[in-house]
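K.L.:
Dumping the structure here so I can ask a few things about it.
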Amino acid sequence: GAVVSQHPSWVICKSGTSVKIECRSLDFQATTMFWYRQFPKQSLMLMATSNEGSKATYEQGVEKDKFLINHASLTLSTLTVTSAHPEDSSFYICSAKTGGYNEQFFGPGTRLTVL
Amino acid sequence: QKEVEQNSGPLSVPEGAIASLNCTYSDRGSQSFFWYRQYSGKSPELIMFIYSNGDKEDGRFTAQLNKASQYVSLLIRDSQPSDSATYLCAVNRPQAGTALIFGKGTTLSVSS
């Protein structure tokens with residue numbers, strides 16, 4: 001149980017284009033999903049917290065207009081990196097939790113490379 | 001002051017030994033503490049969580065929590081080469097509900 005999937009697992013795009021990453025909870029309903037970014041040899045940095053049906057809460061320093069998050073259902077959240085630039089190249093990981101439980105279950109991650 | 005601190009390592013132990021991983025946190029209001037394991041290029045996987053002071057054992061793993069000292073540790077008994085990974089300590093951020101703050105991780109290397 002508690003399986004979270006992400007799609008795509010990797011993506012390469014040109015600078016200036018937009019990329020959408022999907023995060024799905026496969027066998028449970030995720031009341032809250034989180035988006036993290038991890039640069040090489042760094043820890044996970046929380047980007048935003050997303051609750052189903054409401055606007056995402058972004059961490060300080062994360063541009064909400066650049067990283068668009070949508071959590072339209074209890075099993076799906078999307079992160080769109082708009083006008084991507086090489087400095088956005090990173091490992092993007094989502095996690096999900098159910099109400100009442102503090103454990104977060106992580107997706108396999110999406111490696112974004114912006115040329 | 002960093003919110004969650006870990007020694008980056010690497011921590012090297014021989015196969016069969018006990019590996020001890022440590023973590024300190026700054027927010028006294030934190031109530032939930034997690035240990036994740038991350039292999040290179042992969043996403044983290046949950047090993048254990050602990051909410052109460054004291055020890056919690058799960059197989060070869062024991063988590064220890066001391067809220068007064070703001071300290072949480074993970075012991076791995078009978079370490080195996082497959083345990084070689086980066087271990088991330090995560091602490092909930094009280095003011096943001098369930099958001100987790102991660103340490104930078106400790107790299108463990110178990111030699112056979």
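Residues in the structure tokens are numbered from 1 in each chain, the chains being A, B, ... in the order shown, and ligands are numbered from 1 in the order shown.
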Using only C-alpha atoms, which chain B residues lie at most 9 Å away from chain A, written as a PDB file with N, CA, C and O atoms, in the first residue's frame?

P.N.:
```pdb
ATOM      1  N   SER B  32       6.960  15.058  15.358  1.00  0.00           N
ATOM      2  CA  SER B  32       7.094  13.835  14.561  1.00  0.00           C
ATOM      3  C   SER B  32       8.467  13.801  13.929  1.00  0.00           C
ATOM      4  O   SER B  32       8.938  14.799  13.390  1.00  0.00           O
ATOM      5  N   PHE B  34      11.284  11.412  11.579  1.00  0.00           N
ATOM      6  CA  PHE B  34      11.314  10.359  10.576  1.00  0.00           C
ATOM      7  C   PHE B  34      12.750  10.104  10.125  1.00  0.00           C
ATOM      8  O   PHE B  34      13.575  11.013  10.064  1.00  0.00           O
ATOM      9  N   GLY B  41      20.313   8.675  -6.767  1.00  0.00           N
ATOM     10  CA  GLY B  41      19.442   8.797  -7.927  1.00  0.00           C
ATOM     11  C   GLY B  41      18.014   8.357  -7.697  1.00  0.00           C
ATOM     12  O   GLY B  41      17.200   8.380  -8.623  1.00  0.00           O
ATOM     13  N   LYS B  42      17.712   7.953  -6.469  1.00  0.00           N
ATOM     14  CA  LYS B  42      16.367   7.491  -6.151  1.00  0.00           C
ATOM     15  C   LYS B  42      15.702   8.432  -5.157  1.00  0.00           C
ATOM     16  O   LYS B  42      16.358   9.273  -4.549  1.00  0.00           O
ATOM     17  N   SER B  43      14.414   8.274  -4.980  1.00  0.00           N
ATOM     18  CA  SER B  43      13.709   9.092  -4.004  1.00  0.00           C
ATOM     19  C   SER B  43      13.784   8.424  -2.632  1.00  0.00           C
ATOM     20  O   SER B  43      14.087   7.235  -2.523  1.00  0.00           O
ATOM     21  N   PRO B  44      13.518   9.169  -1.581  1.00  0.00           N
ATOM     22  CA  PRO B  44      13.637   8.606  -0.226  1.00  0.00           C
ATOM     23  C   PRO B  44      12.570   7.552   0.051  1.00  0.00           C
ATOM     24  O   PRO B  44      11.452   7.626  -0.456  1.00  0.00           O
ATOM     25  N   GLU B  45      12.941   6.597   0.889  1.00  0.00           N
ATOM     26  CA  GLU B  45      11.981   5.603   1.347  1.00  0.00           C
ATOM     27  C   GLU B  45      11.971   5.631   2.877  1.00  0.00           C
ATOM     28  O   GLU B  45      13.021   5.738   3.509  1.00  0.00           O
ATOM     29  N   LEU B  46      10.794   5.554   3.428  1.00  0.00           N
ATOM     30  CA  LEU B  46      10.635   5.661   4.873  1.00  0.00           C
ATOM     31  C   LEU B  46      11.166   4.409   5.562  1.00  0.00           C
ATOM     32  O   LEU B  46      10.821   3.292   5.195  1.00  0.00           O
ATOM     33  N   PHE B  49       9.496   5.966  11.878  1.00  0.00           N
ATOM     34  CA  PHE B  49       9.093   7.227  12.459  1.00  0.00           C
ATOM     35  C   PHE B  49       8.972   7.030  13.964  1.00  0.00           C
ATOM     36  O   PHE B  49       8.768   5.915  14.449  1.00  0.00           O
ATOM     37  N   LEU B  88      18.377  10.224   5.684  1.00  0.00           N
ATOM     38  CA  LEU B  88      17.839  11.554   5.894  1.00  0.00           C
ATOM     39  C   LEU B  88      16.973  11.584   7.149  1.00  0.00           C
ATOM     40  O   LEU B  88      16.075  10.752   7.311  1.00  0.00           O
ATOM     41  N   ASN B  92       8.873  17.271  11.574  1.00  0.00           N
ATOM     42  CA  ASN B  92       7.724  18.070  11.138  1.00  0.00           C
ATOM     43  C   ASN B  92       7.887  19.506  11.615  1.00  0.00           C
ATOM     44  O   ASN B  92       8.495  19.786  12.643  1.00  0.00           O
ATOM     45  N   THR B  98       1.882  19.544   8.682  1.00  0.00           N
ATOM     46  CA  THR B  98       2.551  18.288   8.409  1.00  0.00           C
ATOM     47  C   THR B  98       3.776  18.417   7.514  1.00  0.00           C
ATOM     48  O   THR B  98       4.354  17.418   7.130  1.00  0.00           O
ATOM     49  N   ALA B  99       4.160  19.603   7.139  1.00  0.00           N
ATOM     50  CA  ALA B  99       5.339  19.747   6.290  1.00  0.00           C
ATOM     51  C   ALA B  99       6.562  19.232   7.022  1.00  0.00           C
ATOM     52  O   ALA B  99       6.713  19.429   8.228  1.00  0.00           O
ATOM     53  N   LEU B 100       7.425  18.553   6.279  1.00  0.00           N
ATOM     54  CA  LEU B 100       8.650  18.002   6.849  1.00  0.00           C
ATOM     55  C   LEU B 100       9.856  18.820   6.416  1.00  0.00           C
ATOM     56  O   LEU B 100       9.942  19.260   5.276  1.00  0.00           O
ATOM     57  N   ILE B 101      10.760  18.985   7.361  1.00  0.00           N
ATOM     58  CA  ILE B 101      12.029  19.626   7.059  1.00  0.00           C
ATOM     59  C   ILE B 101      13.100  18.548   7.138  1.00  0.00           C
ATOM     60  O   ILE B 101      13.187  17.815   8.139  1.00  0.00           O
ATOM     61  N   PHE B 102      13.914  18.465   6.108  1.00  0.00           N
ATOM     62  CA  PHE B 102      14.916  17.412   6.021  1.00  0.00           C
ATOM     63  C   PHE B 102      16.302  17.937   6.356  1.00  0.00           C
ATOM     64  O   PHE B 102      16.660  19.070   6.026  1.00  0.00           O
ATOM     65  N   GLY B 103      17.090  17.089   6.990  1.00  0.00           N
ATOM     66  CA  GLY B 103      18.510  17.363   7.114  1.00  0.00           C
ATOM     67  C   GLY B 103      19.194  17.042   5.805  1.00  0.00           C
ATOM     68  O   GLY B 103      18.587  16.489   4.885  1.00  0.00           O
ATOM     69  N   LYS B 104      20.480  17.349   5.736  1.00  0.00           N
ATOM     70  CA  LYS B 104      21.223  17.103   4.502  1.00  0.00           C
ATOM     71  C   LYS B 104      21.569  15.638   4.304  1.00  0.00           C
ATOM     72  O   LYS B 104      21.972  15.232   3.213  1.00  0.00           O
ATOM     73  N   GLY B 105      21.416  14.862   5.362  1.00  0.00           N
ATOM     74  CA  GLY B 105      21.666  13.433   5.224  1.00  0.00           C
ATOM     75  C   GLY B 105      23.064  13.020   5.622  1.00  0.00           C
ATOM     76  O   GLY B 105      24.012  13.810   5.533  1.00  0.00           O
TER      77      GLY B 105
END
```

K.L.:
Neighbours of segment 57-69 of chain B within 9 Å (only C-alpha atoms; same-chain residues fewer than 3 positions away dropped), as a count of residues only?

P.N.:
23

K.L.:
For a test of reading the model, state the distance in Å between atom CA of Ser5 of chain A and atom CA of Lys20 of chain A, rounded to one decimal.

P.N.:
14.2 Å

K.L.:
Provide the atom CA of Glu22 of chain A to atom CA of Glu63 of chain A distance in Å, to one decimal place.

P.N.:
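Pair atom CA of Glu22 of chain A / atom CA of Glu63 of chain A returns 18.8 Å.
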
K.L.:
Between A:Val81, A:Ala56, A:Cys23, A:Val62, single out the one closest to Val114 of chain A, counting only C-alpha atoms.

P.N.:
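For Val114 of chain A, the nearest of the candidates is A:Val81.
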
K.L.:
Where does DSSP see strand (DSSP E or B) in segment 2-109 of chain B, if you list the residues as a PyMOL selection string?

P.N.:
chain B and resi 4-6+11-14+19-25+33-38+45-50+54-58+61-66+71-76+85-92+100-102+106-109

K.L.:
What is the distance, in Å and to one decimal place, between atom CA of Glu3 of chain B and atom CA of Val91 of chain B?

P.N.:
8.7 Å

K.L.:
Just checking: using only C-alpha atoms, which residue out of A:Cys13, A:Val4, A:Ala96, A:Ile21 ends up closest to Asn51 of chain A?

P.N.:
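Ranked by minimum distance to Asn51 of chain A, first place goes to A:Ala96.
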
K.L.:
Ranking A:Val3, A:Ala72, A:Ala84, A:Leu79 by minimum distance to Thr113 of chain A and counting only C-alpha atoms, which one comes first?

P.N.:
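Smallest distance to Thr113 of chain A is found for A:Ala84.
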
K.L.:
Skipping near chain neighbours, those fewer than 3 positions away, what residues fall within 8 Å of Ala2 of chain A using only C-alpha atoms, listed as JSON, numbers by chain?

P.N.:
{"A": [25, 26, 27, 28, 105]}

K.L.:
Within 6 Å of Glu15 of chain B, counting only C-alpha atoms, which residues show up once you throw out same-chain ones fewer than 6 positions away? Write them as an NGL selection string, please.

P.N.:
:B and (79-80 or 110-112)
